[in-house]
Amino acid sequence: MSASMNPSLSSSAALTAQDSYFMSLAIEVAKQGLYTTRPNPAVGCVIVKNQQIVGQGFHPQAGQPHAEVFALKEAGDNSIGACAYVTLEPCSHTGRTPPCAAALIKAQVARVVVAGLDPNPSVSGRGVAMLEAAGIEVVVGVMKKQAEALNPGFLQAMRTGLPFVRLKIASSLDGRTAMASGESKWITGPAARNDVQKIRARSAAIITGSGTVIADNPSLNVRSNELGVDVKQIPQPKVVVIDRRSRLSHTADYEVCQRSDTLFWRQDDLRALLQSLVAEYQCFDVLVEAGAQLASSFLQARLVDELIVYQAPCLLGSTARPMMQFELASLTEQLRFQCVSHTLIGNDLKLVFTPL
């Protein structure tokens with residue numbers, strides 16, 4: 001039987017399409033806080049009444065009201081009997097702000113559509129339970145995958161205790177990252193380098209190696225004015241220097257060493273470092289910008305969630321430094337990846353991979 005011949009099926013299909021549409025708008029609203037909410041997740045809320053948006057909001061910074069509060073304030077009395085679309089389960093506990101589930105109940109919304117539950121197992125489902133106990137209809141799971149893409153680090157950290165790790169590499173067509181002398185500025189063009197600023201802006205910590213600090217003296221900060229938000233509002237990522245041979249300290253004459261919050265990691269255990277970044281510093285999204293040896297260590301330890309390669313249309317020759325530095329005895333040992341996106345950034349190709 002076709003949908004048109006079955007009114008209930010047709011209505012259900014229309015409702016699903018409508019929910020997906022308004023949730024997609026909530027996801028777009030949430031993106032306004034991508035660079036500024038750390039360590040909190042980016043969340044968006046859209047309030048709809050009679051198929052019209054009457055309020056919307058996003059969470060701008062930790063300590064400020066959550067997305068639902070801003071949306072309800074804009075909706076005012078129009079929230080009575082309305083439907084709220086939220087990209088993450090409304091919180092049920094009092095922290096630096098009151099619980100959003102209680103705010104939705106007080107505003108007398110009739111229905112709440114949630115993309116996904118809070119990943120923290122100690123509170124997951126509590127917000128939904130509060131809403132349902134108040135007689136509010138709740139739908140969970142609308143555009144869950146798309147909404148989770150907003151906060152991969154927060155979700156992974158809550159579920160596993162490990163951050164979401166991105167490894168960024170700039171290389172030539174022949175897989176080289178620097179000349180034999182170490183010269184590497186610049187292989188890629190300005191558009192690609194500005195794109196890296198977007199990744200840094202989403203990162204709570206940037207990990208590099210002592211060799212990279214000594215060779216390049218990188219700043220490893222967010223400084224672009226082309227991110228759509230005042231750079232002063234973006235929390236600067238914490239710099240972590242892997243320095244197993246204790247070559248550097250806060251007195252070393254390098255830019256990142258002069259930062260009081262730079263962490264020097266002297267151990268071999270990279271997993272322990274990542275766990276520490278989550279547990280002690282609330283760093284849920286981590287970017288690795290390092291040389292071939294350290295990059296290889298993360299990959300071989302299976303600690304990379306996303307490999308980002310900016311490939312410049314140039315050749316550097318066989319004496320230039322390779323992208324990776326490890327040896328395999330056979331093809332069965334190869335590290336394989338799936339290409340999830342490829343984009344032309346200026347004159348360079350941005351390739352994004354996830355491990356298989």
# chains A, B, ... in the order shown; residues from 1 in each chain; ligands from 1
$ residues_around --residues "Arg193 of chain A" --least-positions-apart "3" --cutoff "12 Å" --atoms "only C-alpha atoms" --output "ChimeraX atom specification"
/A:168-170,185-190,196-200,220,222-224,226,309-312,345-350
$ select_by_dssp --residues "segment 139-324 of chain A" --states "helix (DSSP H, G or I)" --output "ChimeraX atom specification"
/A:144-148,152-160,190-201,210-216,231-233,256-258,270-281,292-300
$ residues_around --residues "Leu248 of chain A" --least-positions-apart "3" --cutoff "8 Å" --atoms "only C-alpha atoms" --output "ChimeraX atom specification"
/A:210,243,251-252,257,264
$ write_last_selection --atoms "all heavy atoms" --output "tab-separated table (two decimals), in the first residue's frame"
chain	number	residue	atom	x	y	z
A	210	SER	N	59.74	17.40	20.33
A	210	SER	CA	60.82	18.33	20.62
A	210	SER	C	61.63	18.64	19.36
A	210	SER	O	62.10	19.75	19.18
A	210	SER	CB	61.74	17.77	21.71
A	210	SER	OG	62.27	16.50	21.34
A	243	ASP	N	58.92	15.03	24.70
A	243	ASP	CA	60.36	15.31	24.87
A	243	ASP	C	61.00	14.22	25.72
A	243	ASP	O	61.35	14.43	26.87
A	243	ASP	CB	60.52	16.69	25.51
A	243	ASP	CG	61.97	17.14	25.56
A	243	ASP	OD1	62.78	16.61	24.78
A	243	ASP	OD2	62.28	18.01	26.40
A	251	THR	N	62.31	27.23	30.04
A	251	THR	CA	63.36	28.24	29.88
A	251	THR	C	64.00	28.20	28.49
A	251	THR	O	64.82	29.06	28.16
A	251	THR	CB	64.47	28.04	30.93
A	251	THR	OG1	65.06	26.74	30.76
A	251	THR	CG2	63.91	28.17	32.34
A	252	ALA	N	63.61	27.22	27.68
A	252	ALA	CA	64.17	27.11	26.33
A	252	ALA	C	63.71	28.28	25.46
A	252	ALA	O	62.60	28.79	25.63
A	252	ALA	CB	63.78	25.79	25.69
A	257	CYS	N	57.70	26.98	24.25
A	257	CYS	CA	58.30	26.73	25.56
A	257	CYS	C	58.06	27.88	26.52
A	257	CYS	O	58.07	27.69	27.75
A	257	CYS	CB	59.80	26.47	25.42
A	257	CYS	SG	60.20	24.96	24.49
A	264	PHE	N	55.23	19.31	29.03
A	264	PHE	CA	56.32	18.51	28.48
A	264	PHE	C	56.12	17.06	28.94
A	264	PHE	O	56.10	16.78	30.14
A	264	PHE	CB	57.67	19.04	28.97
A	264	PHE	CG	57.98	20.43	28.48
A	264	PHE	CD1	57.67	21.54	29.27
A	264	PHE	CD2	58.55	20.64	27.24
A	264	PHE	CE1	57.93	22.82	28.82
A	264	PHE	CE2	58.81	21.92	26.78
A	264	PHE	CZ	58.51	23.01	27.58
$ atom_distance --atom1 "atom CA of Phe326 of chain A" --atom2 "atom CA of Leu344 of chain A"
28.9 Å
$ residues_around --residues "segment 201-204 of chain A" --least-positions-apart "5" --cutoff "7 Å" --atoms "only C-alpha atoms" --output "PDB file with N, CA, C and O atoms, in the first residue's frame"
ATOM      1  N   LEU A  34      31.179  26.026  17.606  1.00  0.00           N
ATOM      2  CA  LEU A  34      32.203  24.986  17.443  1.00  0.00           C
ATOM      3  C   LEU A  34      33.564  25.383  18.002  1.00  0.00           C
ATOM      4  O   LEU A  34      34.276  24.559  18.563  1.00  0.00           O
ATOM      5  N   TYR A  35      33.950  26.637  17.798  1.00  0.00           N
ATOM      6  CA  TYR A  35      35.297  27.063  18.167  1.00  0.00           C
ATOM      7  C   TYR A  35      35.390  27.641  19.577  1.00  0.00           C
ATOM      8  O   TYR A  35      36.492  27.887  20.068  1.00  0.00           O
ATOM      9  N   VAL A 222      46.053  29.577  17.510  1.00  0.00           N
ATOM     10  CA  VAL A 222      44.964  29.992  16.622  1.00  0.00           C
ATOM     11  C   VAL A 222      45.075  31.498  16.462  1.00  0.00           C
ATOM     12  O   VAL A 222      45.010  32.239  17.441  1.00  0.00           O
ATOM     13  N   ILE A 234      38.168  32.446  21.143  1.00  0.00           N
ATOM     14  CA  ILE A 234      38.537  31.039  20.969  1.00  0.00           C
ATOM     15  C   ILE A 234      39.577  30.644  22.015  1.00  0.00           C
ATOM     16  O   ILE A 234      40.646  31.251  22.081  1.00  0.00           O
ATOM     17  N   PRO A 237      44.524  26.371  22.183  1.00  0.00           N
ATOM     18  CA  PRO A 237      44.808  24.973  22.525  1.00  0.00           C
ATOM     19  C   PRO A 237      46.061  24.840  23.387  1.00  0.00           C
ATOM     20  O   PRO A 237      47.017  25.598  23.234  1.00  0.00           O
ATOM     21  N   LYS A 238      46.013  23.890  24.286  1.00  0.00           N
ATOM     22  CA  LYS A 238      47.168  23.588  25.126  1.00  0.00           C
ATOM     23  C   LYS A 238      48.231  22.917  24.257  1.00  0.00           C
ATOM     24  O   LYS A 238      47.916  22.061  23.446  1.00  0.00           O
ATOM     25  N   CYS A 283      40.774  17.927  27.814  1.00  0.00           N
ATOM     26  CA  CYS A 283      41.112  18.075  26.393  1.00  0.00           C
ATOM     27  C   CYS A 283      40.504  16.904  25.642  1.00  0.00           C
ATOM     28  O   CYS A 283      41.031  15.787  25.691  1.00  0.00           O
ATOM     29  N   PHE A 284      39.396  17.150  24.951  1.00  0.00           N
ATOM     30  CA  PHE A 284      38.653  16.082  24.308  1.00  0.00           C
ATOM     31  C   PHE A 284      38.970  15.939  22.816  1.00  0.00           C
ATOM     32  O   PHE A 284      38.758  14.876  22.240  1.00  0.00           O
ATOM     33  N   ASP A 285      39.432  17.010  22.192  1.00  0.00           N
ATOM     34  CA  ASP A 285      39.851  16.977  20.785  1.00  0.00           C
ATOM     35  C   ASP A 285      41.334  17.323  20.734  1.00  0.00           C
ATOM     36  O   ASP A 285      41.738  18.394  21.198  1.00  0.00           O
ATOM     37  N   VAL A 286      42.130  16.435  20.162  1.00  0.00           N
ATOM     38  CA  VAL A 286      43.578  16.598  20.148  1.00  0.00           C
ATOM     39  C   VAL A 286      44.094  16.562  18.717  1.00  0.00           C
ATOM     40  O   VAL A 286      43.680  15.718  17.915  1.00  0.00           O
ATOM     41  N   LEU A 287      44.985  17.482  18.406  1.00  0.00           N
ATOM     42  CA  LEU A 287      45.605  17.544  17.080  1.00  0.00           C
ATOM     43  C   LEU A 287      47.085  17.240  17.218  1.00  0.00           C
ATOM     44  O   LEU A 287      47.771  17.822  18.055  1.00  0.00           O
TER      45      LEU A 287
END
$ residues_around --residues "Asn120 of chain A" --least-positions-apart "2" --cutoff "10 Å" --atoms "only C-alpha atoms" --output "ChimeraX atom specification"
/A:117-118,122-125,154-160
$ write_last_selection --atoms "N, CA and C atoms" --output "mmCIF file, in the first residue's frame"
data_model
loop_
_atom_site.group_PDB
_atom_site.id
_atom_site.type_symbol
_atom_site.label_atom_id
_atom_site.label_comp_id
_atom_site.auth_asym_id
_atom_site.auth_seq_id
_atom_site.Cartn_x
_atom_site.Cartn_y
_atom_site.Cartn_z
ATOM 1 N N LEU A 117 21.426 10.952 22.938
ATOM 2 C CA LEU A 117 21.491 11.031 24.391
ATOM 3 C C LEU A 117 22.857 11.532 24.841
ATOM 4 N N ASP A 118 22.901 12.062 26.060
ATOM 5 C CA ASP A 118 24.170 12.467 26.666
ATOM 6 C C ASP A 118 25.057 11.224 26.764
ATOM 7 N N SER A 122 26.682 8.217 33.454
ATOM 8 C CA SER A 122 26.086 8.532 34.760
ATOM 9 C C SER A 122 24.849 9.416 34.648
ATOM 10 N N VAL A 123 24.668 10.069 33.513
ATOM 11 C CA VAL A 123 23.503 10.961 33.349
ATOM 12 C C VAL A 123 22.699 10.666 32.084
ATOM 13 N N SER A 124 23.189 9.769 31.233
ATOM 14 C CA SER A 124 22.514 9.476 29.967
ATOM 15 C C SER A 124 21.082 9.009 30.193
ATOM 16 N N GLY A 125 20.153 9.668 29.530
ATOM 17 C CA GLY A 125 18.743 9.308 29.627
ATOM 18 C C GLY A 125 17.981 10.041 30.716
ATOM 19 N N PHE A 154 34.196 15.150 22.514
ATOM 20 C CA PHE A 154 33.396 15.081 23.733
ATOM 21 C C PHE A 154 32.736 13.718 23.871
ATOM 22 N N LEU A 155 32.151 13.232 22.785
ATOM 23 C CA LEU A 155 31.457 11.949 22.822
ATOM 24 C C LEU A 155 32.427 10.805 23.117
ATOM 25 N N GLN A 156 33.571 10.804 22.446
ATOM 26 C CA GLN A 156 34.537 9.727 22.639
ATOM 27 C C GLN A 156 35.137 9.755 24.042
ATOM 28 N N ALA A 157 35.423 10.959 24.536
ATOM 29 C CA ALA A 157 36.012 11.075 25.866
ATOM 30 C C ALA A 157 35.049 10.577 26.941
ATOM 31 N N MET A 158 33.769 10.912 26.810
ATOM 32 C CA MET A 158 32.787 10.464 27.785
ATOM 33 C C MET A 158 32.608 8.948 27.752
ATOM 34 N N ARG A 159 32.761 8.365 26.556
ATOM 35 C CA ARG A 159 32.519 6.932 26.400
ATOM 36 C C ARG A 159 33.743 6.075 26.690
ATOM 37 N N THR A 160 34.934 6.589 26.391
ATOM 38 C CA THR A 160 36.126 5.743 26.467
ATOM 39 C C THR A 160 37.244 6.293 27.343
#
$ select_by_dssp --residues "segment 84-207 of chain A" --states "strand (DSSP E or B)" --output "number ranges by chain"
A: 84-86, 111-114, 137-140, 164-171, 176-178, 205-207
$ closest_residue --among "A:Ser330, A:Gln325, A:Ser318, A:Thr212" --to "Asp174 of chain A" --atoms "only C-alpha atoms"
A:Ser318
$ closest_residue --among "A:Ser92, A:Gln32, A:Ser260, A:Asn78" --to "Leu150 of chain A" --atoms "only C-alpha atoms"
A:Gln32
$ residues_around --residues "Ala134 of chain A" --least-positions-apart "5" --cutoff "12 Å" --atoms "only C-alpha atoms" --output "PyMOL selection string"
chain A and resi 101-112+127-129
$ write_last_selection --atoms "N, CA and C atoms" --output "compact mmCIF listing (two decimals), in the first residue's frame"
# COMPACT_ATOMS: atom_id res chain seq x y z
N ALA A 101 16.51 20.56 31.01
CA ALA A 101 15.27 19.79 30.98
C ALA A 101 14.20 20.50 31.83
N ALA A 102 14.62 21.02 32.95
CA ALA A 102 13.68 21.76 33.81
C ALA A 102 13.20 23.04 33.14
N ALA A 103 14.09 23.69 32.40
CA ALA A 103 13.70 24.92 31.69
C ALA A 103 12.66 24.63 30.62
N LEU A 104 12.81 23.52 29.92
CA LEU A 104 11.84 23.14 28.89
C LEU A 104 10.49 22.81 29.51
N ILE A 105 10.53 22.15 30.67
CA ILE A 105 9.28 21.82 31.37
C ILE A 105 8.57 23.10 31.82
N LYS A 106 9.33 24.02 32.40
CA LYS A 106 8.77 25.28 32.87
C LYS A 106 8.18 26.10 31.72
N ALA A 107 8.81 26.00 30.55
CA ALA A 107 8.33 26.75 29.38
C ALA A 107 7.10 26.12 28.74
N GLN A 108 6.72 24.93 29.20
CA GLN A 108 5.50 24.24 28.75
C GLN A 108 5.55 23.82 27.28
N VAL A 109 6.73 23.40 26.84
CA VAL A 109 6.78 22.84 25.49
C VAL A 109 6.00 21.52 25.50
N ALA A 110 5.46 21.15 24.34
CA ALA A 110 4.66 19.93 24.27
C ALA A 110 5.47 18.74 23.78
N ARG A 111 6.56 19.02 23.08
CA ARG A 111 7.30 17.93 22.44
C ARG A 111 8.77 18.32 22.34
N VAL A 112 9.66 17.35 22.53
CA VAL A 112 11.09 17.60 22.40
C VAL A 112 11.69 16.50 21.51
N GLY A 127 17.74 13.34 31.30
CA GLY A 127 17.00 14.48 30.77
C GLY A 127 15.72 14.06 30.10
N VAL A 128 15.79 12.99 29.31
CA VAL A 128 14.61 12.45 28.64
C VAL A 128 13.59 11.98 29.67
N ALA A 129 14.07 11.30 30.71
CA ALA A 129 13.16 10.80 31.74
C ALA A 129 12.44 11.95 32.45
$ closest_residue --among "A:Ser181, A:Gln233, A:Gln146, A:Ser246" --to "Ala215 of chain A" --atoms "only C-alpha atoms"
A:Ser181
$ residues_around --residues "Gln51 of chain A" --least-positions-apart "5" --cutoff "10 Å" --atoms "only C-alpha atoms" --output "ChimeraX atom specification"
/A:18,22,82-83
$ atom_distance --atom1 "atom CA of Val54 of chain A" --atom2 "atom CA of Thr16 of chain A"
19.9 Å
$ closest_residue --among "A:Ala178, A:Asp77, A:Gly116, A:Val165" --to "Met23 of chain A" --atoms "only C-alpha atoms"
A:Gly116
$ closest_residue --among "A:Cys100, A:Met130, A:Ala42, A:Val239" --to "Pro65 of chain A" --atoms "only C-alpha atoms"
A:Cys100
$ closest_residue --among "A:Gly76, A:Gly211, A:Pro313, A:Pro235" --to "Gly291 of chain A" --atoms "only C-alpha atoms"
A:Gly211
